[in-house]
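What follows is protein07.txt (compact mmCIF, C-alpha atoms and all ligand atoms).
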```txt
# COMPACT_ATOMS: atom_id res chain seq x y z
CA MET A 89 -32.53 -10.11 18.08
CA ASP A 90 -29.77 -11.32 20.38
CA GLN A 91 -26.65 -11.98 18.36
CA ALA A 92 -25.83 -15.46 19.64
CA PHE A 93 -29.45 -16.45 19.29
CA GLY A 94 -29.55 -15.22 15.70
CA LEU A 95 -26.43 -17.14 14.84
CA THR A 96 -27.59 -20.33 16.44
CA GLN A 97 -30.91 -20.03 14.72
CA MET A 98 -29.22 -19.51 11.40
CA LEU A 99 -26.99 -22.52 11.78
CA ALA A 100 -29.85 -24.60 13.08
CA ALA A 101 -31.57 -24.00 9.75
CA LYS A 102 -29.25 -26.56 8.22
CA VAL A 103 -30.78 -26.57 4.81
CA ALA A 104 -30.94 -23.34 2.92
CA ARG A 105 -34.09 -22.24 1.25
CA PRO A 106 -33.02 -22.55 -2.38
CA ALA A 107 -32.80 -19.45 -4.53
CA THR A 108 -34.77 -19.83 -7.74
CA GLY A 109 -33.12 -22.40 -9.96
CA THR A 110 -30.63 -23.66 -7.39
CA LYS A 111 -30.85 -26.73 -5.25
CA ALA A 112 -30.91 -26.78 -1.48
CA VAL A 113 -27.45 -27.29 -0.04
CA PRO A 114 -26.74 -28.44 3.50
CA VAL A 115 -24.73 -25.97 5.53
CA THR A 116 -22.57 -27.79 8.01
CA LEU A 117 -19.94 -25.27 9.00
CA ARG A 118 -17.68 -26.51 11.72
CA GLN A 119 -18.42 -25.07 15.11
CA ALA A 120 -15.07 -23.33 15.23
CA ASP A 121 -16.17 -21.21 12.33
CA GLY A 122 -19.62 -20.34 13.45
CA LEU A 123 -20.16 -20.38 17.14
CA LEU A 124 -17.05 -19.69 19.11
CA THR A 125 -16.41 -15.98 18.77
CA SER A 126 -19.15 -14.42 16.67
CA VAL A 127 -18.24 -10.81 17.34
CA PRO A 128 -18.78 -8.99 14.05
CA MET A 129 -15.61 -8.08 12.22
CA ALA A 130 -16.37 -4.38 12.21
CA GLN A 131 -16.81 -4.27 15.98
CA ARG A 132 -13.29 -5.65 16.16
CA GLY A 133 -11.91 -2.88 13.95
CA CYS A 134 -12.03 -4.49 10.51
CA ARG A 135 -13.09 -2.45 7.51
CA THR A 136 -14.84 -4.42 4.79
CA ILE A 137 -14.73 -3.29 1.19
CA ALA A 138 -16.38 -5.04 -1.74
CA VAL A 139 -14.90 -4.40 -5.18
CA ALA A 140 -17.67 -4.57 -7.76
CA GLY A 141 -18.60 -3.04 -11.08
CA GLY A 142 -21.33 -4.90 -12.84
CA LYS A 143 -19.50 -5.44 -16.12
CA GLY A 144 -16.96 -8.20 -16.72
CA GLY A 145 -13.34 -7.37 -17.51
CA VAL A 146 -13.32 -3.81 -16.12
CA GLY A 147 -10.53 -4.61 -13.66
CA LYS A 148 -12.33 -5.61 -10.46
CA SER A 149 -9.89 -8.41 -9.60
CA THR A 150 -6.94 -6.27 -10.66
CA VAL A 151 -8.05 -3.50 -8.31
CA ALA A 152 -8.84 -5.91 -5.45
CA VAL A 153 -5.48 -7.71 -5.68
CA ASN A 154 -3.33 -4.62 -6.12
CA LEU A 155 -5.17 -2.55 -3.53
CA GLY A 156 -4.69 -5.47 -1.14
CA MET A 157 -0.97 -5.57 -1.97
CA ALA A 158 -0.61 -1.82 -1.56
CA LEU A 159 -2.39 -1.84 1.80
CA ALA A 160 -0.23 -4.75 2.97
CA ALA A 161 2.91 -2.94 1.79
CA ALA A 162 1.78 0.02 3.91
CA GLY A 163 1.78 -2.21 6.98
CA LYS A 164 -1.90 -3.18 7.11
CA ASP A 165 -3.26 -6.67 7.65
CA VAL A 166 -5.52 -7.62 4.78
CA ILE A 167 -7.66 -10.61 3.87
CA LEU A 168 -8.80 -10.82 0.27
CA LEU A 169 -11.89 -12.95 -0.23
CA ASP A 170 -12.16 -14.18 -3.79
CA ALA A 171 -15.86 -14.19 -4.56
CA ASP A 172 -15.19 -13.92 -8.28
CA THR A 173 -16.33 -16.72 -10.47
CA GLY A 174 -14.70 -15.32 -13.61
CA LEU A 175 -11.76 -16.87 -15.38
CA ALA A 176 -9.07 -14.65 -13.89
CA ASN A 177 -9.55 -15.66 -10.29
CA VAL A 178 -7.42 -14.10 -7.61
CA ASP A 179 -5.59 -17.40 -7.06
CA VAL A 180 -4.71 -17.58 -10.76
CA MET A 181 -3.59 -13.95 -10.75
CA LEU A 182 -1.29 -14.56 -7.82
CA GLY A 183 -0.07 -17.99 -8.92
CA LEU A 184 -1.64 -19.77 -5.96
CA THR A 185 -2.68 -23.40 -6.14
CA PRO A 186 -5.10 -23.76 -3.26
CA ALA A 187 -5.81 -27.27 -2.05
CA ARG A 188 -9.05 -26.17 -0.44
CA HIS A 189 -11.62 -23.58 -1.28
CA ILE A 190 -14.81 -22.02 -0.07
CA GLY A 191 -16.81 -25.17 -0.96
CA HIS A 192 -14.83 -27.10 1.68
CA LEU A 193 -15.72 -24.44 4.21
CA LEU A 194 -19.41 -24.73 3.37
CA ASP A 195 -19.24 -28.52 3.65
CA GLY A 196 -17.65 -28.25 7.08
CA GLU A 197 -14.44 -29.91 5.85
CA CYS A 198 -12.22 -27.07 7.02
CA THR A 199 -12.37 -23.87 9.01
CA LEU A 200 -11.96 -20.41 7.53
CA GLN A 201 -8.63 -20.15 9.33
CA GLU A 202 -7.45 -23.25 7.49
CA LEU A 203 -8.47 -21.75 4.15
CA LEU A 204 -6.33 -18.65 4.47
CA ILE A 205 -3.33 -18.60 2.13
CA PRO A 206 -0.52 -16.20 3.01
CA VAL A 207 0.57 -14.30 -0.10
CA ARG A 208 3.02 -11.87 1.42
CA ASP A 209 3.51 -10.11 4.72
CA GLY A 210 0.14 -8.67 5.67
CA LEU A 211 -1.92 -10.27 2.89
CA GLN A 212 -3.87 -13.52 3.01
CA VAL A 213 -6.31 -14.84 0.43
CA VAL A 214 -9.47 -16.89 0.82
CA PRO A 215 -9.49 -18.65 -2.55
CA ALA A 216 -12.51 -19.38 -4.66
CA GLY A 217 -10.49 -21.96 -6.57
CA SER A 218 -12.58 -24.68 -8.09
CA GLY A 219 -15.27 -23.78 -5.59
CA ALA A 220 -16.08 -20.80 -7.77
CA ARG A 221 -19.04 -22.52 -9.38
CA ARG A 222 -20.46 -23.15 -5.92
CA LEU A 223 -19.97 -19.49 -5.05
CA ALA A 224 -22.06 -18.44 -8.00
CA GLN A 225 -25.05 -20.23 -6.52
CA LEU A 226 -24.85 -19.33 -2.86
CA SER A 227 -28.11 -19.48 -0.97
CA PRO A 228 -28.81 -16.76 1.61
CA THR A 229 -27.99 -19.24 4.38
CA GLU A 230 -24.63 -20.13 2.87
CA HIS A 231 -23.87 -16.50 2.30
CA ALA A 232 -24.67 -15.72 5.91
CA ALA A 233 -22.58 -18.66 7.07
CA ILE A 234 -19.53 -17.36 5.18
CA ILE A 235 -19.93 -13.90 6.66
CA ARG A 236 -20.38 -15.22 10.18
CA ALA A 237 -17.33 -17.46 9.71
CA PHE A 238 -15.26 -14.29 9.47
CA ASP A 239 -16.50 -13.21 12.89
CA SER A 240 -14.86 -16.27 14.39
CA LEU A 241 -11.34 -15.51 13.19
CA ALA A 242 -8.99 -15.27 16.14
CA GLU A 243 -7.13 -12.38 14.53
CA VAL A 244 -9.16 -9.85 12.66
CA PRO A 245 -7.45 -8.03 9.79
CA ASP A 246 -7.48 -4.26 9.29
CA PHE A 247 -9.21 -4.77 5.94
CA LEU A 248 -11.35 -7.43 4.35
CA LEU A 249 -11.47 -6.92 0.59
CA ILE A 250 -14.00 -8.88 -1.43
CA ASP A 251 -13.48 -9.37 -5.13
CA THR A 252 -16.93 -9.86 -6.61
CA ALA A 253 -17.96 -11.36 -9.92
CA ALA A 254 -19.44 -9.60 -12.92
CA GLY A 255 -23.20 -9.27 -13.22
CA LEU A 256 -25.99 -8.76 -10.74
CA SER A 257 -26.26 -12.20 -9.21
CA ASP A 258 -27.44 -12.67 -5.63
CA THR A 259 -23.86 -13.48 -4.63
CA VAL A 260 -22.64 -10.13 -5.93
CA THR A 261 -25.41 -8.08 -4.34
CA MET A 262 -25.26 -9.99 -1.06
CA PHE A 263 -21.52 -9.52 -0.61
CA ALA A 264 -21.61 -5.92 -1.81
CA SER A 265 -24.44 -4.98 0.53
CA ALA A 266 -22.84 -6.83 3.44
CA ALA A 267 -19.66 -4.77 3.16
CA ALA A 268 -19.27 -1.38 4.78
CA GLU A 269 -17.98 0.12 1.55
CA VAL A 270 -18.41 -0.71 -2.11
CA ILE A 271 -15.85 0.34 -4.70
CA LEU A 272 -17.31 0.43 -8.18
CA VAL A 273 -14.64 -0.13 -10.81
CA VAL A 274 -15.66 1.70 -13.97
CA CYS A 275 -13.88 2.10 -17.28
CA ASP A 276 -14.67 4.32 -20.21
CA GLU A 277 -17.02 2.05 -22.13
CA PRO A 278 -20.77 2.52 -22.44
CA ALA A 279 -21.41 -1.00 -21.13
CA SER A 280 -19.28 -0.36 -18.06
CA LEU A 281 -21.26 2.77 -17.23
CA THR A 282 -24.65 1.18 -17.78
CA ASP A 283 -23.69 -1.91 -15.77
CA ALA A 284 -22.28 0.20 -12.93
CA TYR A 285 -25.52 2.18 -12.96
CA GLY A 286 -27.55 -1.05 -12.92
CA LEU A 287 -25.62 -2.34 -9.91
CA SER A 288 -25.96 1.03 -8.13
CA LYS A 289 -29.69 0.88 -8.72
CA VAL A 290 -30.10 -2.58 -7.24
CA LEU A 291 -27.84 -1.85 -4.27
CA SER A 292 -29.58 1.43 -3.43
CA ARG A 293 -33.16 0.42 -4.19
CA ASP A 294 -33.19 -3.13 -2.82
CA PHE A 295 -30.43 -3.08 -0.21
CA GLY A 296 -30.50 0.47 1.13
CA VAL A 297 -26.91 1.24 0.18
CA ARG A 298 -26.56 5.03 0.31
CA ARG A 299 -22.91 5.56 -0.61
CA LEU A 300 -20.73 4.10 -3.30
CA ARG A 301 -17.11 4.82 -4.10
CA MET A 302 -15.87 4.82 -7.65
CA VAL A 303 -12.45 4.01 -9.08
CA ALA A 304 -11.96 4.90 -12.73
CA ASN A 305 -9.83 2.23 -14.36
CA MET A 306 -7.82 2.16 -17.58
CA VAL A 307 -8.10 5.91 -18.06
CA ARG A 308 -5.36 8.23 -19.33
CA ASN A 309 -5.35 10.83 -16.59
CA GLU A 310 -7.28 12.47 -13.80
CA GLY A 311 -9.26 14.65 -16.23
CA ASP A 312 -10.57 11.56 -18.02
CA ALA A 313 -11.34 9.94 -14.66
CA ARG A 314 -13.38 12.99 -13.62
CA ALA A 315 -15.25 13.10 -16.91
CA LEU A 316 -16.14 9.42 -16.53
CA TYR A 317 -17.20 9.97 -12.95
CA GLN A 318 -19.48 12.85 -13.95
CA LYS A 319 -21.34 10.58 -16.35
CA LEU A 320 -22.13 8.06 -13.63
CA ALA A 321 -22.72 10.58 -10.84
CA ARG A 322 -25.13 12.61 -12.97
CA VAL A 323 -27.53 9.70 -13.57
CA CYS A 324 -27.19 8.37 -10.04
CA ASP A 325 -27.94 11.84 -8.60
CA ARG A 326 -30.92 12.24 -10.84
CA PHE A 327 -32.56 8.84 -10.61
CA LEU A 328 -31.24 7.08 -7.50
CA ASP A 329 -31.01 7.72 -3.80
CA VAL A 330 -27.28 7.06 -3.62
CA THR A 331 -24.15 9.20 -3.56
CA VAL A 332 -21.20 8.18 -5.69
CA GLU A 333 -17.78 9.53 -4.83
CA LEU A 334 -14.69 9.34 -7.02
CA VAL A 335 -11.88 8.03 -4.84
CA GLY A 336 -9.14 7.35 -7.35
CA PHE A 337 -8.14 6.33 -10.83
CA ILE A 338 -5.80 3.73 -12.24
CA PRO A 339 -4.16 4.61 -15.54
CA HIS A 340 -4.00 2.17 -18.40
CA ASP A 341 -0.63 0.54 -17.83
CA GLU A 342 1.07 -2.22 -19.82
CA ARG A 343 3.09 -3.10 -16.72
CA LEU A 344 -0.15 -4.20 -15.11
CA ARG A 345 -0.83 -6.70 -17.86
CA GLN A 346 2.76 -7.93 -17.75
CA ALA A 347 2.54 -8.38 -13.99
CA ILE A 348 -0.62 -10.45 -14.36
CA LYS A 349 1.09 -12.65 -16.98
CA ARG A 350 3.84 -13.25 -14.44
CA GLN A 351 1.19 -14.00 -11.84
CA ALA A 352 2.41 -11.13 -9.72
CA ALA A 353 0.97 -7.88 -8.44
CA VAL A 354 2.25 -4.79 -10.22
CA VAL A 355 2.95 -3.02 -6.92
CA ASP A 356 5.49 -5.77 -6.18
CA ALA A 357 6.87 -6.34 -9.69
CA TRP A 358 7.21 -2.68 -10.74
CA PRO A 359 6.78 -0.48 -7.66
CA SER A 360 7.25 2.76 -9.58
CA ALA A 361 5.03 1.95 -12.57
CA PRO A 362 2.18 4.49 -13.02
CA SER A 363 -0.44 1.95 -11.94
CA SER A 364 1.61 1.00 -8.86
CA LEU A 365 1.78 4.62 -7.80
CA ALA A 366 -1.97 4.92 -8.34
CA PHE A 367 -2.66 1.85 -6.21
CA LYS A 368 -0.47 3.19 -3.40
CA LYS A 369 -2.35 6.48 -3.53
CA LEU A 370 -5.67 4.63 -3.48
CA ALA A 371 -4.49 2.59 -0.48
CA GLY A 372 -3.68 5.85 1.34
CA THR A 373 -7.16 7.20 0.55
CA VAL A 374 -8.93 4.02 1.63
CA ASP A 375 -6.98 3.93 4.86
CA LYS A 376 -8.36 7.35 5.78
CA TRP A 377 -11.99 6.31 5.44
CA LYS A 378 -13.88 6.57 8.68
CA GLU A 379 -15.25 3.55 10.43
CA PRO A 380 -18.71 2.73 9.13
CA GLU A 381 -21.79 3.73 11.05
CA ARG A 382 -24.42 1.33 9.96
CA ALA A 383 -26.13 0.29 13.14
CA GLY A 384 -29.73 -0.62 12.72
CA LEU A 385 -29.28 -2.67 9.61
CA ASP A 386 -31.58 -5.60 9.41
CA ARG A 387 -29.65 -7.74 7.01
CA ILE A 388 -26.69 -10.03 7.30
CA SER A 389 -23.56 -7.98 7.19
CA PHE A 390 -19.97 -7.85 8.26
CA PHE A 391 -20.75 -5.15 10.76
CA ALA A 392 -24.24 -5.71 12.15
CA GLY A 393 -24.27 -8.21 14.95
CA ARG A 394 -27.47 -9.88 13.97
CA THR A 395 -28.88 -11.79 11.10
CA ALA A 396 -31.97 -11.24 9.05
CA PRO A 397 -34.35 -14.17 9.05
CA VAL A 398 -33.31 -16.48 6.27
CA GLY A 399 -35.54 -16.10 3.28
CA GLU A 400 -36.33 -12.49 4.15
CA MET A 401 -33.25 -11.00 2.55
CA PRO A 402 -34.16 -8.09 0.33
CA ARG A 403 -34.20 -9.19 -3.28
N1 LIG B 1 -5.32 -0.27 -15.50
C1 LIG B 1 -5.13 -1.30 -16.35
N2 LIG B 1 -4.22 -1.20 -17.36
C2 LIG B 1 -4.02 -2.22 -18.23
N3 LIG B 1 -4.70 -3.38 -18.17
C3 LIG B 1 -5.61 -3.55 -17.20
C4 LIG B 1 -5.89 -2.52 -16.25
N4 LIG B 1 -6.84 -2.97 -15.39
C5 LIG B 1 -7.16 -4.22 -15.80
N5 LIG B 1 -6.43 -4.57 -16.89
C6 LIG B 1 -6.51 -5.83 -17.63
O1 LIG B 1 -7.87 -6.05 -17.97
C7 LIG B 1 -8.17 -7.43 -17.94
C8 LIG B 1 -9.39 -7.67 -17.06
O2 LIG B 1 -9.04 -7.37 -15.71
P1 LIG B 1 -9.69 -8.15 -14.48
O3 LIG B 1 -9.59 -9.62 -14.66
O4 LIG B 1 -9.15 -7.54 -13.25
O5 LIG B 1 -11.21 -7.72 -14.69
P2 LIG B 1 -12.50 -8.20 -13.86
O6 LIG B 1 -13.40 -7.05 -13.82
O7 LIG B 1 -12.08 -8.80 -12.57
O8 LIG B 1 -13.06 -9.33 -14.83
P3 LIG B 1 -14.15 -10.47 -14.48
O9 LIG B 1 -15.47 -9.78 -14.55
O10 LIG B 1 -13.97 -11.49 -15.56
O11 LIG B 1 -13.84 -10.98 -13.12
C9 LIG B 1 -6.91 -8.14 -17.43
O12 LIG B 1 -6.22 -8.68 -18.52
C10 LIG B 1 -6.12 -7.02 -16.80
O13 LIG B 1 -4.73 -7.24 -16.93
MG MG B 2 -12.48 -10.68 -11.74
```
Mind converting the file's structure to structure tokens?
Ligand SMILES: Nc1ncnc2c1ncn2[C@@H]1O[C@H](COP(=O)(O)OP(=O)(O)OP(=O)(O)O)[C@@H](O)[C@H]1O
Ligand SMILES: [Mg+2]
Amino acid sequence: MDQAFGLTQMLAAKVARPATGTKAVPVTLRQADGLLTSVPMAQRGCRTIAVAGGKGGVGKSTVAVNLGMALAAAGKDVILLDADTGLANVDVMLGLTPARHIGHLLDGECTLQELLIPVRDGLQVVPAGSGARRLAQLSPTEHAAIIRAFDSLAEVPDFLLIDTAAGLSDTVTMFASAAAEVILVVCDEPASLTDAYGLSKVLSRDFGVRRLRMVANMVRNEGDARALYQKLARVCDRFLDVTVELVGFIPHDERLRQAIKRQAAVVDAWPSAPSSLAFKKLAGTVDKWKEPERAGLDRISFFAGRTAPVGEMPR
């Protein structure tokens, strides 16, 4: 389908088909956010990475924020999209008090550009803020509208990081499957492993995701990270059609907790803390990832230039 045609069609469908249990919500994105540019982010050199994990409290937001900081400190341009509806939102973590949030974007009250909050050189945040509740109930049309809004940004960042919520909601799976890469944050608890496996299963079986990256969080050392990775990789290899690759580990570090209490990122507050060093190493690894090759996808994504017919998203 022609890209512009797909986009126009999508925006013409002003009212989303409601997901089960949610009500239809009008999508009235401003033209500036939907129609002007519409060249997919990836075609303009942006790498999109969703940070997910299934279980709550495993460190998804911590990894998203600090990886973003570390990439920015290394000279990259980063946008961090807060798609996390949990208590510790990115804006809370960073001490931001956003006046507008994603709900305003969906209501056409502001453009995506106007939502961006600069946090430091090279890092801007799209806050969930009090729009978080709205984010938890995104319809496929709204989800697509948010993704396409990124295509319209005048300046495309090097990285778009997406901090996703806990659980297996449509919002989580839609953002994770729309990104070129998914980092699963896993810690050494049975529930973290089973939830990470559950998310891997849905993403591979229902969304055709074939590669996942894993970051072991709150572990003591590399040996523990590898042991944890083996547990997940073994079941994924055996039962799923997806490859999981260990790409880094973040040690348990009190400095990290202290930084969060101060509403700062540990890489800024304590640059030589063990977790800061780990995040810098992870940023170096991530920066070496090749550009995604995912042409031929038939779903809404940050890198395919076309949109799947609304209502026909894989579920
Ligand atoms: N490596 C670490 N060392 C010490 N504490 C950590 C580490 N990683 C995360 N934490 C702490 O764990 C708690 C949960 O982290 P975080 O909010 O990032 O998890 P989450 O997965 O985003 O949770 P939610 O599912 O609620 O969004 C926070 O208090 C954070 O400071
Ligand atoms: Mg979180």
Residues of chain A that approach ligand MG 2 (chain B) to 12 Å or less, counting only C-alpha atoms and all ligand atoms: could you list each one with the shortest pair of atoms and its distance in Å to one decimal, rows by chain and increasing residue number, as a tab-separated table?
```
residue	atom	partner	partner_atom	distance
A:Val139	CA	B:MG2	MG	9.4
A:Ala140	CA	B:MG2	MG	9.0
A:Gly141	CA	B:MG2	MG	9.8
A:Gly142	CA	B:MG2	MG	10.6
A:Lys143	CA	B:MG2	MG	9.8
A:Gly144	CA	B:MG2	MG	7.1
A:Gly145	CA	B:MG2	MG	6.7
A:Val146	CA	B:MG2	MG	8.2
A:Gly147	CA	B:MG2	MG	6.7
A:Lys148	CA	B:MG2	MG	5.2
A:Ser149	CA	B:MG2	MG	4.1
A:Thr150	CA	B:MG2	MG	7.2
A:Val151	CA	B:MG2	MG	9.1
A:Ala152	CA	B:MG2	MG	8.7
A:Val153	CA	B:MG2	MG	9.7
A:Leu169	CA	B:MG2	MG	11.7
A:Asp170	CA	B:MG2	MG	8.7
A:Ala171	CA	B:MG2	MG	8.7
A:Asp172	CA	B:MG2	MG	5.5
A:Thr173	CA	B:MG2	MG	7.3
A:Gly174	CA	B:MG2	MG	5.5
A:Leu175	CA	B:MG2	MG	7.2
A:Ala176	CA	B:MG2	MG	5.7
A:Asn177	CA	B:MG2	MG	6.0
A:Val178	CA	B:MG2	MG	7.4
A:Asp179	CA	B:MG2	MG	10.7
A:Val180	CA	B:MG2	MG	10.4
A:Met181	CA	B:MG2	MG	9.5
A:Ala216	CA	B:MG2	MG	11.2
A:Ala220	CA	B:MG2	MG	11.5
A:Ile250	CA	B:MG2	MG	10.6
A:Asp251	CA	B:MG2	MG	6.8
A:Thr252	CA	B:MG2	MG	6.8
A:Ala253	CA	B:MG2	MG	5.8
A:Ala254	CA	B:MG2	MG	7.1
A:Gly255	CA	B:MG2	MG	10.9
A:Val260	CA	B:MG2	MG	11.7
A:Val273	CA	B:MG2	MG	10.8
```
Residue neighbourhood A:Lys349, 12 Å, all atoms listed in the file, exclusion window fewer than 4 positions, as a PyMOL selection string
chain A and resi 176+180-183+342-345+353-354+357
Leaving out A:Ala284 and any residue of its chain fewer than 5 positions from it, which residues lie within 12 Å of it when counting all atoms listed in the file, given as a PyMOL selection string?
chain A and resi 139-144+146+148+254-256+270-279+289-291+300-304+316-317+319-321+323-324+332
Between A:Phe337, A:Trp358, A:Phe238, A:Trp377, single out the one closest to ligand LIG 1 (chain B), counting all atoms listed in the file.
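Of all the options, A:Phe337 lies closest to ligand LIG 1 (chain B).
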Using only C-alpha atoms, the best pick from A:Ala158, A:Cys198, A:Ala138, A:Leu168 as closest to A:Ser265 would be A:Ala138
Quick one: of A:Leu328, A:Ala242, A:Ala347, A:Leu334, who's nearest to ligand LIG 1 (chain B), counting all atoms listed in the file?
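Of A:Leu328, A:Ala242, A:Ala347, A:Leu334, the one nearest ligand LIG 1 (chain B), counting all atoms listed in the file, is A:Ala347.
The interatomic distance for the pair atom CA of A:Ser280 and atom CA of A:Thr261 works out to 16.9 Å.
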Selected residue, from A:Arg350, A:Pro206, A:Leu184, A:Tyr285, that lies nearest to A:Arg326 when counting all atoms listed in the file
A:Tyr285
Around stretch 164-169 of chain A, fit a box with edges along x, y and z, padding it by 6 Å on each side, then list its centre and edge lengths in Å to one decimal as AutoDock Vina command-line options.
```
--center_x -6.9 --center_y -8.1 --center_z 3.7 --size_x 22.0 --size_y 21.8 --size_z 19.9
```
Would you mind telling me which residue in A:Ala187, A:Ala237, A:Leu193, A:Val166 lies nearest to A:Asn154 when using only C-alpha atoms?
A:Val166
Which one of A:Ser292, A:Ser240, A:Thr259, A:Ser364 sits closest to A:Leu223 if you count only C-alpha atoms?
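That would be A:Thr259, the residue with the smallest distance to A:Leu223.
A straight line drawn from atom CA of A:Thr373 to atom CA of A:Gly336 is 8.1 Å long.
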As JSON, numbers by chain, please: the residues near A:Ile338 (cut-off 7 Å, all atoms listed in the file, same-chain neighbours under 6 positions excluded).
{"A": [304, 305, 306, 307, 363, 366]}
Limit the output to N, CA and C atoms and give stretch 150-172 of chain A as a compact mmCIF listing (two decimals), in the first residue's frame.
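Okay, part-v2.txt is ready:
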```txt
# COMPACT_ATOMS: atom_id res chain seq x y z
N THR A 150 14.31 2.08 34.87
CA THR A 150 15.69 2.38 35.26
C THR A 150 16.63 2.17 34.08
N VAL A 151 16.46 1.06 33.39
CA VAL A 151 17.31 0.77 32.23
C VAL A 151 17.04 1.78 31.11
N ALA A 152 15.77 2.06 30.85
CA ALA A 152 15.45 2.99 29.75
C ALA A 152 16.05 4.37 30.01
N VAL A 153 15.85 4.88 31.23
CA VAL A 153 16.35 6.23 31.55
C VAL A 153 17.88 6.27 31.51
N ASN A 154 18.51 5.31 32.15
CA ASN A 154 19.98 5.37 32.26
C ASN A 154 20.68 5.01 30.95
N LEU A 155 20.07 4.13 30.17
CA LEU A 155 20.63 3.86 28.84
C LEU A 155 20.51 5.11 27.98
N GLY A 156 19.37 5.78 28.09
CA GLY A 156 19.18 7.04 27.36
C GLY A 156 20.23 8.07 27.76
N MET A 157 20.45 8.19 29.06
CA MET A 157 21.47 9.14 29.56
C MET A 157 22.86 8.78 29.04
N ALA A 158 23.17 7.48 29.10
CA ALA A 158 24.51 7.04 28.69
C ALA A 158 24.71 7.26 27.19
N LEU A 159 23.68 7.01 26.40
CA LEU A 159 23.79 7.25 24.96
C LEU A 159 23.96 8.75 24.68
N ALA A 160 23.19 9.56 25.42
CA ALA A 160 23.29 11.02 25.23
C ALA A 160 24.69 11.50 25.64
N ALA A 161 25.19 10.95 26.74
CA ALA A 161 26.54 11.35 27.19
C ALA A 161 27.60 10.96 26.17
N ALA A 162 27.30 9.93 25.37
CA ALA A 162 28.25 9.51 24.33
C ALA A 162 28.04 10.29 23.03
N GLY A 163 27.21 11.32 23.10
CA GLY A 163 27.07 12.20 21.93
C GLY A 163 25.92 11.86 21.00
N LYS A 164 25.06 10.92 21.42
CA LYS A 164 23.93 10.55 20.57
C LYS A 164 22.71 11.41 20.90
N ASP A 165 21.84 11.55 19.90
CA ASP A 165 20.55 12.21 20.14
C ASP A 165 19.53 11.15 20.46
N VAL A 166 18.84 11.32 21.58
CA VAL A 166 17.93 10.27 22.04
C VAL A 166 16.58 10.89 22.41
N ILE A 167 15.51 10.21 22.02
CA ILE A 167 14.18 10.54 22.55
C ILE A 167 13.72 9.34 23.35
N LEU A 168 13.26 9.60 24.55
CA LEU A 168 12.74 8.53 25.41
C LEU A 168 11.22 8.71 25.51
N LEU A 169 10.51 7.74 24.98
CA LEU A 169 9.04 7.77 25.04
C LEU A 169 8.59 7.00 26.26
N ASP A 170 7.93 7.67 27.16
CA ASP A 170 7.45 7.02 28.38
C ASP A 170 6.09 6.39 28.09
N ALA A 171 6.11 5.08 27.87
CA ALA A 171 4.85 4.37 27.65
C ALA A 171 4.55 3.50 28.86
N ASP A 172 5.05 3.91 30.00
CA ASP A 172 4.95 3.14 31.24
C ASP A 172 3.86 3.74 32.11
```
